[in-house]
Each structure stands twice: as C-alpha cells, then as structure tokens.
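Dumped structure_37.txt below, it's compact mmCIF, C-alpha atoms:
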```
# COMPACT_ATOMS: atom_id res chain seq x y z
CA ASP A 294 20.70 32.45 -4.87
CA ALA A 295 18.93 32.29 -8.22
CA LYS A 296 15.17 32.63 -8.27
CA THR A 297 13.10 29.61 -9.24
CA THR A 298 9.65 29.38 -10.77
CA GLN A 299 7.34 26.42 -10.25
CA PRO A 300 3.68 25.74 -11.03
CA THR A 301 1.43 26.30 -8.06
CA SER A 302 -0.21 22.90 -8.16
CA MET A 303 -0.29 19.61 -10.04
CA ASP A 304 -2.33 16.43 -9.89
CA CYS A 305 -1.14 12.91 -10.55
CA ALA A 306 -2.82 9.52 -10.57
CA GLU A 307 -1.42 6.97 -8.15
CA GLY A 308 1.04 4.65 -9.84
CA ARG A 309 1.82 7.10 -12.62
CA ALA A 310 4.94 9.19 -12.95
CA ALA A 311 4.81 12.68 -11.49
CA ASN A 312 6.89 15.20 -13.42
CA LEU A 313 7.45 18.46 -11.56
CA PRO A 314 9.07 21.27 -13.56
CA CYS A 315 11.20 24.13 -12.32
CA ASN A 316 12.64 27.13 -14.13
CA HIS A 317 15.87 28.67 -12.91
CA SER A 318 16.99 30.76 -15.86
CA THR A 319 19.45 32.90 -13.86
CA ILE A 320 21.33 30.00 -12.29
CA SER A 321 25.07 30.50 -11.95
CA GLY A 322 27.75 28.01 -12.90
CA ASN A 323 28.51 27.07 -9.30
CA GLU A 324 24.90 26.67 -8.20
CA TYR A 325 23.30 23.31 -7.69
CA VAL A 326 19.63 22.49 -8.12
CA TYR A 327 18.08 21.01 -4.97
CA TRP A 328 14.66 19.54 -4.41
CA TYR A 329 12.91 19.25 -1.08
CA ARG A 330 9.37 18.35 -0.21
CA GLN A 331 7.19 19.08 2.77
CA ILE A 332 4.37 16.82 3.72
CA HIS A 333 1.72 18.59 5.73
CA SER A 334 2.89 19.53 9.24
CA GLN A 335 6.25 17.81 8.81
CA GLY A 336 9.78 19.13 8.40
CA PRO A 337 11.13 19.66 4.88
CA GLN A 338 12.61 16.49 3.44
CA TYR A 339 15.62 16.43 1.15
CA ILE A 340 14.97 14.56 -2.09
CA ILE A 341 17.82 15.01 -4.55
CA HIS A 342 20.24 17.52 -6.02
CA GLY A 343 22.37 17.94 -9.12
CA LEU A 344 24.66 20.27 -11.04
CA LYS A 345 24.33 19.43 -14.71
CA ASN A 346 24.05 15.70 -15.11
CA ASN A 347 20.89 13.74 -14.58
CA GLU A 348 20.70 12.21 -11.14
CA THR A 349 18.71 9.33 -9.68
CA ASN A 350 18.31 8.00 -6.18
CA GLU A 351 15.84 5.77 -4.39
CA MET A 352 13.28 8.55 -4.17
CA ALA A 353 13.37 10.31 -7.52
CA SER A 354 15.17 11.31 -10.69
CA LEU A 355 16.35 14.79 -11.56
CA ILE A 356 16.63 15.87 -15.17
CA ILE A 357 18.52 19.13 -15.78
CA THR A 358 18.47 20.69 -19.25
CA GLU A 359 21.75 21.18 -21.04
CA ASP A 360 21.63 24.96 -20.61
CA ARG A 361 20.75 24.40 -16.91
CA LYS A 362 17.91 26.89 -17.08
CA SER A 363 15.29 24.37 -16.09
CA SER A 364 14.90 20.99 -14.45
CA THR A 365 12.30 18.32 -13.83
CA LEU A 366 11.86 16.17 -10.76
CA ILE A 367 10.40 12.78 -11.59
CA LEU A 368 8.67 10.53 -9.08
CA PRO A 369 8.44 7.37 -11.18
CA HIS A 370 5.49 5.70 -9.45
CA ALA A 371 3.66 8.25 -7.34
CA THR A 372 1.75 7.07 -4.28
CA LEU A 373 -0.73 8.82 -2.04
CA ARG A 374 2.10 9.41 0.43
CA ASP A 375 3.88 11.57 -2.14
CA THR A 376 1.20 14.24 -1.76
CA ALA A 377 3.21 17.23 -0.56
CA VAL A 378 4.57 20.64 -1.48
CA TYR A 379 7.71 20.28 -3.59
CA TYR A 380 10.35 22.99 -3.52
CA CYS A 381 13.00 23.61 -6.14
CA ILE A 382 15.97 25.59 -4.81
CA VAL A 383 19.31 26.62 -6.20
CA ARG A 384 22.26 27.10 -3.92
CA VAL A 385 25.97 27.58 -4.16
CA GLU A 386 28.11 24.47 -3.98
CA GLY A 387 29.49 23.84 -0.53
CA ALA A 388 28.08 26.98 1.08
CA THR A 389 28.20 26.86 4.85
CA GLY A 390 26.74 28.75 7.75
CA GLY A 391 24.71 31.77 6.76
CA GLY A 392 25.68 31.19 3.15
CA ASN A 393 23.88 27.87 3.39
CA LYS A 394 20.57 29.54 4.12
CA LEU A 395 17.80 27.80 2.19
CA THR A 396 15.13 30.01 0.69
CA PHE A 397 11.97 28.11 -0.08
CA GLY A 398 9.57 29.75 -2.52
CA THR A 399 5.93 28.78 -2.75
CA GLY A 400 6.67 25.41 -4.34
CA THR A 401 4.31 23.06 -6.18
CA GLN A 402 1.48 21.39 -4.32
CA LEU A 403 1.37 17.85 -5.73
CA LYS A 404 -1.81 15.94 -5.11
CA VAL A 405 -1.70 12.23 -5.84
CA GLU A 406 -5.13 10.72 -6.28
CA LEU A 407 -6.55 7.24 -6.72
CA ASP B 214 17.02 10.34 8.84
CA ALA B 215 19.74 12.61 10.22
CA GLY B 216 18.94 11.82 13.84
CA ILE B 217 17.37 15.18 14.67
CA THR B 218 14.78 15.61 17.38
CA GLN B 219 13.07 18.76 18.57
CA SER B 220 11.36 19.44 21.86
CA PRO B 221 8.76 20.34 22.71
CA ARG B 222 6.78 19.50 19.58
CA HIS B 223 3.94 21.80 20.57
CA LYS B 224 3.84 24.69 23.01
CA VAL B 225 1.33 27.31 24.01
CA THR B 226 2.62 30.23 26.02
CA GLU B 227 1.66 33.75 27.00
CA THR B 228 3.11 37.02 25.79
CA GLY B 229 6.10 38.10 27.84
CA THR B 230 7.15 34.68 29.04
CA PRO B 231 10.52 33.14 28.16
CA VAL B 232 10.52 30.07 25.93
CA THR B 233 13.33 27.69 25.05
CA LEU B 234 13.20 25.24 22.17
CA ARG B 235 15.67 22.40 21.95
CA CYS B 236 17.22 20.75 18.92
CA HIS B 237 19.14 17.54 19.53
CA GLN B 238 21.26 15.62 17.05
CA THR B 239 23.05 12.35 17.51
CA GLU B 240 25.57 12.34 14.65
CA ASN B 241 28.12 14.96 15.65
CA HIS B 242 27.29 17.43 12.85
CA ARG B 243 29.15 20.69 13.00
CA TYR B 244 26.53 22.99 11.48
CA MET B 245 23.08 23.49 12.97
CA TYR B 246 20.35 25.94 11.98
CA TRP B 247 17.12 27.37 13.34
CA TYR B 248 14.40 28.45 10.89
CA ARG B 249 10.88 29.67 11.29
CA GLN B 250 8.13 29.01 8.76
CA ASP B 251 5.14 31.26 8.33
CA PRO B 252 2.47 31.48 5.62
CA GLY B 253 3.51 33.97 2.98
CA HIS B 254 7.12 34.11 4.19
CA GLY B 255 8.38 30.62 3.53
CA LEU B 256 11.36 29.44 5.54
CA ARG B 257 13.52 32.11 7.22
CA LEU B 258 16.85 31.58 8.96
CA ILE B 259 16.97 32.80 12.57
CA HIS B 260 20.40 31.73 13.80
CA TYR B 261 22.96 29.11 12.98
CA SER B 262 25.92 27.46 14.68
CA TYR B 263 29.20 26.29 13.27
CA GLY B 264 30.50 24.63 16.41
CA VAL B 265 30.33 24.57 20.19
CA LYS B 266 29.88 28.14 21.43
CA ASP B 267 30.10 29.40 17.82
CA THR B 268 26.89 30.97 16.59
CA ASP B 269 25.82 33.73 14.25
CA LYS B 270 22.70 35.60 13.25
CA GLY B 271 20.44 34.81 10.34
CA GLU B 272 17.98 37.11 8.61
CA VAL B 273 15.33 37.27 11.38
CA SER B 274 17.31 37.09 14.63
CA ASP B 275 15.68 39.98 16.54
CA GLY B 276 13.98 38.68 19.67
CA TYR B 277 15.84 35.37 19.60
CA SER B 278 19.03 34.10 21.16
CA VAL B 279 20.77 30.75 20.81
CA SER B 280 23.28 28.66 22.66
CA ARG B 281 25.32 25.61 21.87
CA SER B 282 27.25 24.35 24.87
CA LYS B 283 27.74 20.88 23.41
CA THR B 284 27.80 19.52 19.87
CA GLU B 285 24.52 17.67 20.08
CA ASP B 286 22.28 20.45 21.41
CA PHE B 287 21.30 23.77 19.85
CA LEU B 288 18.89 25.83 21.93
CA LEU B 289 16.68 28.64 20.68
CA THR B 290 15.39 31.07 23.31
CA LEU B 291 12.67 33.65 23.04
CA GLU B 292 13.54 35.92 25.98
CA SER B 293 10.09 37.50 26.09
CA ALA B 294 7.68 35.87 23.69
CA THR B 295 5.45 38.03 21.49
CA SER B 296 2.46 37.08 19.35
CA SER B 297 4.52 37.74 16.22
CA GLN B 298 6.71 34.80 17.21
CA THR B 299 3.83 32.39 16.80
CA SER B 300 5.22 30.10 14.15
CA VAL B 301 6.54 26.67 13.29
CA TYR B 302 10.21 26.36 14.17
CA PHE B 303 12.49 23.94 12.37
CA CYS B 304 15.96 22.89 13.27
CA ALA B 305 18.34 21.60 10.61
CA ILE B 306 21.81 20.17 10.33
CA SER B 307 24.02 20.08 7.28
CA GLN B 308 26.18 17.18 6.32
CA GLY B 309 28.18 15.70 3.50
CA PRO B 310 30.51 17.28 0.94
CA PHE B 311 27.70 19.56 -0.26
CA GLU B 312 26.55 20.53 3.25
CA THR B 313 23.06 19.36 2.38
CA GLN B 314 20.54 20.36 5.02
CA TYR B 315 18.28 17.91 6.81
CA PHE B 316 15.42 19.09 8.97
CA GLY B 317 13.87 18.06 12.24
CA PRO B 318 10.13 17.49 12.73
CA GLY B 319 9.42 21.04 13.91
CA THR B 320 7.96 22.76 16.97
CA ARG B 321 4.61 24.53 16.75
CA LEU B 322 4.62 27.54 19.03
CA LEU B 323 1.54 29.60 19.84
CA VAL B 324 2.01 32.81 21.77
CA LEU B 325 -1.25 34.15 23.19
```
Before anything else, please render the file you have as structure tokens.
Amino acid sequence: DAKTTQPTSMDCAEGRAANLPCNHSTISGNEYVYWYRQIHSQGPQYIIHGLKNNETNEMASLIITEDRKSSTLILPHATLRDTAVYYCIVRVEGATGGGNKLTFGTGTQLKVEL
Amino acid sequence: DAGITQSPRHKVTETGTPVTLRCHQTENHRYMYWYRQDPGHGLRLIHYSYGVKDTDKGEVSDGYSVSRSKTEDFLLTLESATSSQTSVYFCAISQGPFETQYFGPGTRLLVL
C-alpha cells in the first residue's frame, strides 16, 4: 500500500468546515483513498472512499486531485463530536483477506472547539 | 453500524492464563479480522477469516490462535497471556463490492 502523509494536528471552530489534507504521491492506479476516524477509546469508523472522482456522503466530502497525489477530506459543519484522529489510507481495490489489511499511520488529530 | 459486538469489553488477567475474546456479527459477512492497536504501532492484523473454519495469519500472529466454527463468531485466543499482549483488540468485518472494513467497539486487555 502507498504511504500517506498527514499533518499531526488541526483545530477547527464548531460550525465551520474542517479540511483535512493527505498526500499520497506514490499511489497506484488501482488504489483507492479511504478515510477513517477514531474517536477516543472507540473502534475506527469508516467515513468515505474514492478513486479519482470527488465523493460525498452524509458524513463528509472527499476531494481527490486530478493527478491523485493528494486528497482532502471535508467535514462541512464540524461539531464537537467530530473531534477525533482522522486516518487517510490507500488500499487496492477489492483486496480481500490478508491483502485487505489496513495500515493506519499516525493520522491527524482534529480538535473542534467552541 | 455493521452489527459487530465484542466481548468482553474490558479484561484484566495474569501472565500465563488463557484468554478468549469474542467477536460476534449479525449480518452473515464472510470476512472477519482481528487487529491489535498499540501506541507507536498503529493497527496491526493478527488473524483473519474468510469463512467457517477458514482462517489465516496476519502480521503479528505469534502467541494467538483463532477459531470460527460458525459464520457469526470469530474467537481470538491467547493461550498463555504475556504482558506484551496488553493492548486494545479490534474485530472487523468487510462488506460491499470494495470489501470496506467496519470495526467493532474494541476490547481493552491488561495482562499483569
């Protein structure tokens, strides 16, 4: 899996958009960009994933650059409950079993404040 | 919510004792995974299963065994617990066309 680079920490005011960047300059053509988050003491939570087009779901939007070397996760209206560590991961499409192993780096600690 | 529960949620045990952690899912997923999470090491795959009685090792399988006698339950056993196995253990399933993984709430294990 390609290595990803994320800032260690970010702050965001409640109600504002939180934009979390991720660099994945060595991503391969068949690798998807996944985002998970982990709220303190809880299991990792899937947020969104994409290949090359921008994606949006009820939790967030994912913007992937045209060259696919970087992406941004957008939480449009951050709340205090969005305070968590956010992980950007790349993995091969449809990998199963041991090939589906997720490798979480250090992630970005997002702190949402009043 | 992928219908995953883990039990126990917290356990304290002594070195040398056997420990079994249970992962239970309600949605008939084929693939199940056991990870451990430790500071400085992130998430590491211990074992995974691709069906009833079908399991394989992950990257940190030494000291652990697993069993899956029915689709809904995936058990992780520490035959003789050691202090180095103090960790948070997460179970996951994968589902959908992309085999996206969804995690359970975790089990905090302390081996004294």
Could you give me, as a PDB file with C-alpha atoms, in the frame of the given file, the residues within 8 Å of B:Leu288, counting all atoms listed in the file and dropping anything in the same chain fewer than 3 positions from it?
```pdb
ATOM      1  CA  THR B 233      13.330  27.690  25.050  1.00  0.00           C
ATOM      2  CA  LEU B 234      13.200  25.240  22.170  1.00  0.00           C
ATOM      3  CA  ARG B 235      15.670  22.400  21.950  1.00  0.00           C
ATOM      4  CA  CYS B 236      17.220  20.750  18.920  1.00  0.00           C
ATOM      5  CA  VAL B 279      20.770  30.750  20.810  1.00  0.00           C
ATOM      6  CA  SER B 280      23.280  28.660  22.660  1.00  0.00           C
ATOM      7  CA  ARG B 281      25.320  25.610  21.870  1.00  0.00           C
TER       8      ARG B 281
END
```
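Polymer residues near (24.4, 24.7, 3.8): counting only C-alpha atoms with a cut-off of 6 Å, they are Ala388, Thr389 and Asn393 of chain A; Ser307, Glu312, Thr313 and Gln314 of chain B.
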Just want the 8 Å neighbourhood of stretch 365-381 of chain A, counted on only C-alpha atoms, with same-chain residues fewer than 2 positions away dropped. Output as JSON, numbers by chain. {"A": [297, 299, 305, 306, 307, 308, 309, 310, 311, 312, 313, 314, 315, 326, 327, 328, 329, 330, 331, 332, 333, 352, 353, 354, 355, 356, 357, 363, 383, 397, 398, 399, 400, 401, 402, 403, 404, 405, 406, 407]}
Got a sec to pull out which chain A residues are within 6 Å of chain B, counting all atoms listed in the file, and send them as number ranges by chain? A: 335-337, 387, 397
Find the residues near B:Thr295: any atom within 8 Å, counting only C-alpha atoms, skip ones fewer than 5 places away on the same chain, and give them as a PyMOL selection string. chain B and resi 227-229+324-325
What does the distance from atom CA of A:Asp360 to atom CA of A:Tyr339 come to in Å, to one decimal? 24.1 Å
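With atom CA of B:His242 on one side and atom CA of B:Ile217 on the other, the separation reads 10.3 Å.
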Every residue with an atom at most 7 Å from (29.3, 22.0, -6.9) (file coordinates; all atoms listed in the file) is what I'm after, so could you write them as a compact mmCIF listing (two decimals) with C-alpha atoms, keeping the file's coordinate frame?
```
# COMPACT_ATOMS: atom_id res chain seq x y z
CA ASN A 323 28.51 27.07 -9.30
CA GLU A 324 24.90 26.67 -8.20
CA TYR A 325 23.30 23.31 -7.69
CA LEU A 344 24.66 20.27 -11.04
CA GLU A 386 28.11 24.47 -3.98
CA GLY A 387 29.49 23.84 -0.53
```
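Straight-line separation from atom CA of A:Thr319 to atom CA of A:Met303: 24.1 Å.
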